[in-house]
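S.K.: My questions will all concern the structure given below.
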Amino acid sequence: MKVLLLQPPVRDFYDTDLRLQPIGLASLKASAQLHLPEVEVKVLDFHHGWGRRSVAIPPELRYLKEYYPYSDRSPFCGFHQYYHFGAAFETIEERVAEERPDLVGISSLFSPYYREVLETARAVKRCGDIPIVVGGSHVSAEPLSMLEAPEVDFIIRGEGERPFVEFLRAWRGDRDWEQVANLGWKRGGECQLNPMQENHPLEDLPVPDFGDFDPGDYDYYGKPMAFLVTSRSCPHRCSFCSVHNTFGFEYRRRSVDRVMEEVRRRYDEGYRVLDFEDDNLTFYREEMQELCRRIQVEFPAGDLQLLAMNGISYLSLDEETLRLMRAAGFTHLNLSLVTSDKTVREATKRPHTVRKYLEVVAAAARLGFQIVSYQILGLPQESLDSMIQTLAFAAGLPVLLGASMFYLTPNSPLARQMSRGSTPEEIFKARLTAIAIETPHFSRDDIYTLFLSTRIVDFLKSLEVSAAGVDFRDLLEGATLRTPTERQALGLELLRELFRSGVLYAATPQGRKPLTRFRFEVFARLWERMECIVTQGGGRIYNMTFTSGWALRAV
């Protein structure tokens, strides 16, 4: 029996190129081979490594042409072209036909890309009547809508290792479909959803099998990178998050011994960058500290670089944990600020505080971390002024601003509360680039403007300026940068024009073009809230409103 597990391509304005390793499929393969070694399982990644090609913007997203109108080479650029990232569906059909599988599994992780999953399934079906099973986060959120698709024969909800093995046993005739927990299947054309059961304990799961990958397939700035997961689920209950649909409400963590076994395996395979993709990596502080100590002892200093690109909850961090993380090889810190507004935090059930955030940022900066502070722009409970408050707050700290435009994740607590998010169009727009959510408190133009404003602030944060501080007007006129790069010179020139005329221009191959959806009055409200901008290097840029009396010209 031969099984193919496929990671499908996606279509969007951008792609998270660094975070595409299909570790979930590798874990399914390892579990199947542990319990059913006679079954051949192969993982094929049709997303990463196939390049991209331009495709037409779908009708549901054509309104975005006004927001992403130009190919912009400026430091403040947004998005422009809609792409197909990954293999063509014709290529998938050809490759599957060559492999001649008995069964195909397809990963459906992200809800807005469910159409690509179904198109991949159709490509497989053109090779013959090959049964198809689909699993992943989107299936857990919207099981029936996926199972009802004629090209999908089975689905698996929740964590997949145990039900996938049980499904393979049923496929061989060892048991009936009704006996496979978490399985969705069809009886006489009617969809059936079996009861949910717990997965195997994390300690019993084998190390994900990367045998179908080459260490050079996934890299971080030239160094082979592997994903690791030390825990599942999250102890927090943020209303905009849907992680519990897949992993349940019980937060579980693997032992340090088992994690170290995987770290050694990846090191021996040639990987030198490890990205921890946990939803809450440091919640159990003592275990995290022990892991860092053991990595530091067992591996040469500087030989392993450690990342947590999925973000870290600052609630569980302290200076000792940060010190050990830094010594073990962590270089960057992605903090999930979300908002500095206490009222919004309470409304979204985030048990975090600004005081704790400030403590963590100060300690991390002292230790030399490169810090990105992630904010959500457009939470339905938030006002425009609240978002501006958070941006101005983070601008005054030694962090880069990571702005994520809000999207409503299907079947999240917030989506259920709003009774939205489950129509085909809403699911398709559940992506950052869609700027899909507007409320009486803010418009799409507002969110777009703040998104580009964070790029302006991050551009200024990237400049090397004195810790004693420079005046923004002097910086803008080029008096404080000795030899600005071409990119820096372009950014300063566009900023001079922005403050002179109130218009933000894109730098296109055809010359400067105005970004008509950028609202200067919104940007001005942000600018006037910032007493200074602190760079990642600790330099300070003082706002001219407070230092020289140079007034903004609103238009």
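In the structure tokens, chains take letters A, B, ... by order of appearance, with residues numbered from 1 within each chain and ligands from 1 in the order shown.
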For Asn334 of chain A, list every protein, DNA or RNA residue within 8 Å, evaluated using only C-alpha atoms, and leave out those in the same chain fewer than 3 positions away; present the list as a ChimeraX atom specification.

M.R.: /A:308-312,371-374

S.K.: Please, which residues of segment 21-168 of chain A, numbered as in this document, come out helix (DSSP H, G or I) from DSSP, as a VMD selection string?

M.R.: chain A and resid 23 to 35 59 to 66 89 to 99 111 to 125 137 to 141 143 to 147 161 to 168

S.K.: Ile155 of chain A: which residues within 8 Å, counting only C-alpha atoms, same-chain residues fewer than 3 positions away excluded, as a list in words?

M.R.: Val133, Val134, Gly135, Val139, Pro143, Met146, Leu147, Val152, Leu183, Gly184 and Trp185 of chain A

S.K.: Could you write out that same residue set with N, CA and C atoms as a PDB file, in the first residue's frame?

M.R.:
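File written: result.pdb
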ATOM      1  N   VAL A 133      -8.107  11.858   1.426  1.00  0.00           N
ATOM      2  CA  VAL A 133      -8.424  12.248   2.796  1.00  0.00           C
ATOM      3  C   VAL A 133      -7.758  13.595   3.055  1.00  0.00           C
ATOM      4  N   VAL A 134      -8.500  14.516   3.667  1.00  0.00           N
ATOM      5  CA  VAL A 134      -8.003  15.867   3.931  1.00  0.00           C
ATOM      6  C   VAL A 134      -8.033  16.113   5.429  1.00  0.00           C
ATOM      7  N   GLY A 135      -6.966  16.728   5.950  1.00  0.00           N
ATOM      8  CA  GLY A 135      -6.906  17.081   7.363  1.00  0.00           C
ATOM      9  C   GLY A 135      -6.226  18.423   7.544  1.00  0.00           C
ATOM     10  N   VAL A 139      -9.908  22.004   8.256  1.00  0.00           N
ATOM     11  CA  VAL A 139     -10.869  20.904   8.370  1.00  0.00           C
ATOM     12  C   VAL A 139     -11.464  20.859   9.770  1.00  0.00           C
ATOM     13  N   PRO A 143     -15.482  21.315   9.129  1.00  0.00           N
ATOM     14  CA  PRO A 143     -15.408  19.940   8.622  1.00  0.00           C
ATOM     15  C   PRO A 143     -16.413  19.611   7.532  1.00  0.00           C
ATOM     16  N   MET A 146     -15.846  20.945   3.915  1.00  0.00           N
ATOM     17  CA  MET A 146     -14.803  20.239   3.162  1.00  0.00           C
ATOM     18  C   MET A 146     -15.266  18.841   2.774  1.00  0.00           C
ATOM     19  N   LEU A 147     -15.922  18.136   3.674  1.00  0.00           N
ATOM     20  CA  LEU A 147     -16.357  16.774   3.372  1.00  0.00           C
ATOM     21  C   LEU A 147     -17.434  16.754   2.295  1.00  0.00           C
ATOM     22  N   VAL A 152     -13.561  15.164  -2.296  1.00  0.00           N
ATOM     23  CA  VAL A 152     -13.013  14.738  -1.004  1.00  0.00           C
ATOM     24  C   VAL A 152     -13.802  13.528  -0.515  1.00  0.00           C
ATOM     25  N   LEU A 183     -12.834  10.715  12.292  1.00  0.00           N
ATOM     26  CA  LEU A 183     -12.977  10.550  10.845  1.00  0.00           C
ATOM     27  C   LEU A 183     -14.302  11.106  10.349  1.00  0.00           C
ATOM     28  N   GLY A 184     -14.266  11.761   9.212  1.00  0.00           N
ATOM     29  CA  GLY A 184     -15.462  12.112   8.469  1.00  0.00           C
ATOM     30  C   GLY A 184     -15.487  11.302   7.188  1.00  0.00           C
ATOM     31  N   TRP A 185     -16.626  10.736   6.841  1.00  0.00           N
ATOM     32  CA  TRP A 185     -16.715   9.875   5.663  1.00  0.00           C
ATOM     33  C   TRP A 185     -18.133   9.953   5.109  1.00  0.00           C
TER      34      TRP A 185
END

S.K.: Determine, counting only C-alpha atoms, which protein, DNA and RNA residues have an atom within 6 Å of an atom of Ala181 of chain A; residues of the same chain fewer than 5 positions away are not included. Present the result as a list in words.

M.R.: Pro163, Asn194, Pro195, Met196 and Gln197 of chain A

S.K.: Report as a Markdown table: every residue of segment 291-402 of chain A with an atom at most 12 Å from segment 414-417 of chain A, its closest pair of atoms, and their distance in Å to one decimal, counting only C-alpha atoms, with rows sorted by chain and ascending residue number.

M.R.:
| residue | atom | partner | partner_atom | distance |
| --- | --- | --- | --- | --- |
| A:Ala347 | CA | A:Leu414 | CA | 10.0 |
| A:Thr348 | CA | A:Leu414 | CA | 8.1 |
| A:Lys349 | CA | A:Leu414 | CA | 10.4 |
| A:Leu379 | CA | A:Leu414 | CA | 9.9 |
| A:Pro380 | CA | A:Leu414 | CA | 9.1 |
| A:Gln381 | CA | A:Leu414 | CA | 10.0 |

S.K.: Counting only C-alpha atoms, what is within 6 Å of segment 95-107 of chain A, bar same-chain residues fewer than 3 positions away, as a compact mmCIF listing (two decimals) with N, CA and C atoms, in the first residue's frame?

M.R.:
# COMPACT_ATOMS: atom_id res chain seq x y z
N LYS A 2 0.58 2.17 -0.89
CA LYS A 2 1.37 3.40 -1.01
C LYS A 2 0.48 4.61 -0.75
N VAL A 3 0.95 5.49 0.13
CA VAL A 3 0.21 6.69 0.50
C VAL A 3 1.06 7.92 0.21
N LEU A 4 0.47 8.89 -0.46
CA LEU A 4 1.12 10.19 -0.67
C LEU A 4 0.47 11.22 0.24
N LEU A 5 1.29 12.04 0.88
CA LEU A 5 0.81 13.16 1.69
C LEU A 5 1.28 14.45 1.03
N LEU A 6 0.34 15.31 0.67
CA LEU A 6 0.65 16.47 -0.15
C LEU A 6 0.46 17.78 0.61
N GLN A 7 1.43 18.68 0.46
CA GLN A 7 1.25 20.07 0.86
C GLN A 7 0.93 20.86 -0.41
N ILE A 92 1.13 18.83 -10.42
CA ILE A 92 0.71 17.93 -9.35
C ILE A 92 0.08 16.68 -9.95
N CYS A 127 -6.09 11.68 -12.12
CA CYS A 127 -5.15 10.56 -12.31
C CYS A 127 -5.87 9.21 -12.19
N ILE A 130 -8.64 7.82 -7.19
CA ILE A 130 -7.78 7.67 -6.01
C ILE A 130 -8.50 8.28 -4.80
N PRO A 131 -8.71 7.53 -3.76
CA PRO A 131 -9.36 8.08 -2.57
C PRO A 131 -8.53 9.21 -1.96
N ILE A 132 -9.21 10.23 -1.47
CA ILE A 132 -8.54 11.41 -0.92
C ILE A 132 -9.05 11.67 0.49
N VAL A 133 -8.11 11.86 1.43
CA VAL A 133 -8.42 12.25 2.80
C VAL A 133 -7.76 13.60 3.05
N VAL A 134 -8.50 14.52 3.67
CA VAL A 134 -8.00 15.87 3.93
C VAL A 134 -8.03 16.11 5.43
N GLY A 135 -6.97 16.73 5.95
CA GLY A 135 -6.91 17.08 7.36
C GLY A 135 -6.23 18.42 7.54
N GLY A 136 -6.16 18.89 8.78
CA GLY A 136 -5.52 20.17 9.06
C GLY A 136 -6.45 21.12 9.78

S.K.: Which of segment 225-446 of chain A end up as strand (DSSP E or B) when DSSP is run on this backbone - answer as a ChimeraX atom specification?

M.R.: /A:225-228,231-232,252-253,273-276,305-307,312,330,332-338,370-377,400-405,439,442

S.K.: Take the residues from that selection and write them out as a PDB file, in the first residue's frame, keeping C-alpha atoms.

M.R.:
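Contents of again-v6.pdb, freshly written:
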ATOM      1  CA  MET A 225      16.351  25.109   8.902  1.00  0.00           C
ATOM      2  CA  ALA A 226      14.064  22.580  10.578  1.00  0.00           C
ATOM      3  CA  PHE A 227      10.806  23.068  12.476  1.00  0.00           C
ATOM      4  CA  LEU A 228      10.269  21.716  15.978  1.00  0.00           C
ATOM      5  CA  SER A 231       3.955  21.478  22.928  1.00  0.00           C
ATOM      6  CA  ARG A 232       0.416  21.530  21.612  1.00  0.00           C
ATOM      7  CA  ARG A 252       0.504  19.600  26.754  1.00  0.00           C
ATOM      8  CA  ARG A 253       4.277  19.714  26.583  1.00  0.00           C
ATOM      9  CA  VAL A 273      18.643  26.572  12.399  1.00  0.00           C
ATOM     10  CA  LEU A 274      15.758  25.298  14.520  1.00  0.00           C
ATOM     11  CA  ASP A 275      12.434  27.145  14.513  1.00  0.00           C
ATOM     12  CA  PHE A 276      10.119  26.306  17.409  1.00  0.00           C
ATOM     13  CA  GLN A 305      20.599  29.323  15.744  1.00  0.00           C
ATOM     14  CA  LEU A 306      17.221  29.100  17.463  1.00  0.00           C
ATOM     15  CA  LEU A 307      14.048  30.919  16.438  1.00  0.00           C
ATOM     16  CA  ILE A 312       6.101  34.082  22.027  1.00  0.00           C
ATOM     17  CA  PHE A 330      18.024  32.392  20.271  1.00  0.00           C
ATOM     18  CA  HIS A 332      15.327  37.076  17.650  1.00  0.00           C
ATOM     19  CA  LEU A 333      12.299  37.568  19.824  1.00  0.00           C
ATOM     20  CA  ASN A 334       8.832  37.847  18.274  1.00  0.00           C
ATOM     21  CA  LEU A 335       6.513  39.171  20.957  1.00  0.00           C
ATOM     22  CA  SER A 336       2.738  39.056  20.638  1.00  0.00           C
ATOM     23  CA  LEU A 337       1.740  42.473  21.959  1.00  0.00           C
ATOM     24  CA  VAL A 338      -1.577  42.570  20.021  1.00  0.00           C
ATOM     25  CA  GLN A 370      16.415  41.594  17.821  1.00  0.00           C
ATOM     26  CA  ILE A 371      12.811  42.210  18.872  1.00  0.00           C
ATOM     27  CA  VAL A 372       9.663  42.382  16.761  1.00  0.00           C
ATOM     28  CA  SER A 373       6.483  43.491  18.500  1.00  0.00           C
ATOM     29  CA  TYR A 374       3.344  42.206  16.788  1.00  0.00           C
ATOM     30  CA  GLN A 375       0.157  44.242  16.840  1.00  0.00           C
ATOM     31  CA  ILE A 376      -3.202  43.348  15.318  1.00  0.00           C
ATOM     32  CA  LEU A 377      -4.724  46.176  13.297  1.00  0.00           C
ATOM     33  CA  LEU A 400      10.409  46.686  15.140  1.00  0.00           C
ATOM     34  CA  LEU A 401       6.670  46.917  14.536  1.00  0.00           C
ATOM     35  CA  GLY A 402       5.078  43.803  13.138  1.00  0.00           C
ATOM     36  CA  ALA A 403       1.602  44.830  12.052  1.00  0.00           C
ATOM     37  CA  SER A 404      -0.946  42.168  11.146  1.00  0.00           C
ATOM     38  CA  MET A 405      -4.203  43.304   9.591  1.00  0.00           C
ATOM     39  CA  THR A 439     -16.640  48.549  11.761  1.00  0.00           C
ATOM     40  CA  PHE A 442     -12.669  52.337  11.554  1.00  0.00           C
TER      41      PHE A 442
END

S.K.: When you count only C-alpha atoms, which of these residues is closest to Ser31 of chain A: A:Val165, A:Met530, A:Met288, A:Leu384?

M.R.: A:Val165

S.K.: Using only C-alpha atoms, can you tell me which of A:Thr423, A:Asn411, A:Asn199, A:Thr282 comes closest to Glu250 of chain A?

M.R.: A:Asn199

S.K.: For a quick check of understanding, using only C-alpha atoms, which of A:His244, A:Arg237, A:Arg272, A:Arg512 has the smallest distance to Lys223 of chain A?

M.R.: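 With only C-alpha atoms as the atom set, the closest residue is A:Arg272.
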
S.K.: Select, from A:Thr485, A:Thr230, A:Thr449, A:Ser239, the residue with the minimum atom-to-atom distance to Leu202 of chain A, counting only C-alpha atoms.

M.R.: A:Thr230

S.K.: Quick one: residues within 7 Å of segment 117-121 of chain A, only C-alpha atoms, excluding same-chain residues fewer than 4 positions away - as an NGL selection string?

M.R.: :A and (8 or 89 or 108 or 113 or 125 or 151-152)

S.K.: Write out as a list in words which residues come within 9 Å of Arg326 of chain A when counting only C-alpha atoms, dropping same-chain ones fewer than 3 positions away.

M.R.: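 The neighbour list is Cys292, Leu306, Thr321, Leu322, Arg323, Gly329, Phe330, Thr331, His332, Ala364, Leu367, Gly368 and Phe369 of chain A.
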
S.K.: With distances taken over only C-alpha atoms, which of A:Asp12, A:Glu320, A:Glu290, A:Glu40 is nearest to Val55 of chain A?

M.R.: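 When distances to Val55 of chain A are compared using only C-alpha atoms, the smallest one comes from A:Asp12.
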
S.K.: May I ask which of the residues A:Pro215, A:Pro410, A:Pro201, A:Gly248 is the closest one to Tyr267 of chain A, counting only C-alpha atoms?

M.R.: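 That would be A:Pro215, the residue with the smallest distance to Tyr267 of chain A.
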
S.K.: For a test of reading the model, state the distance in Å between atom CA of Tyr357 of chain A and atom CA of Val470 of chain A, rounded to one decimal.

M.R.: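 For atom CA of Tyr357 of chain A relative to atom CA of Val470 of chain A, the distance reads 26.4 Å.
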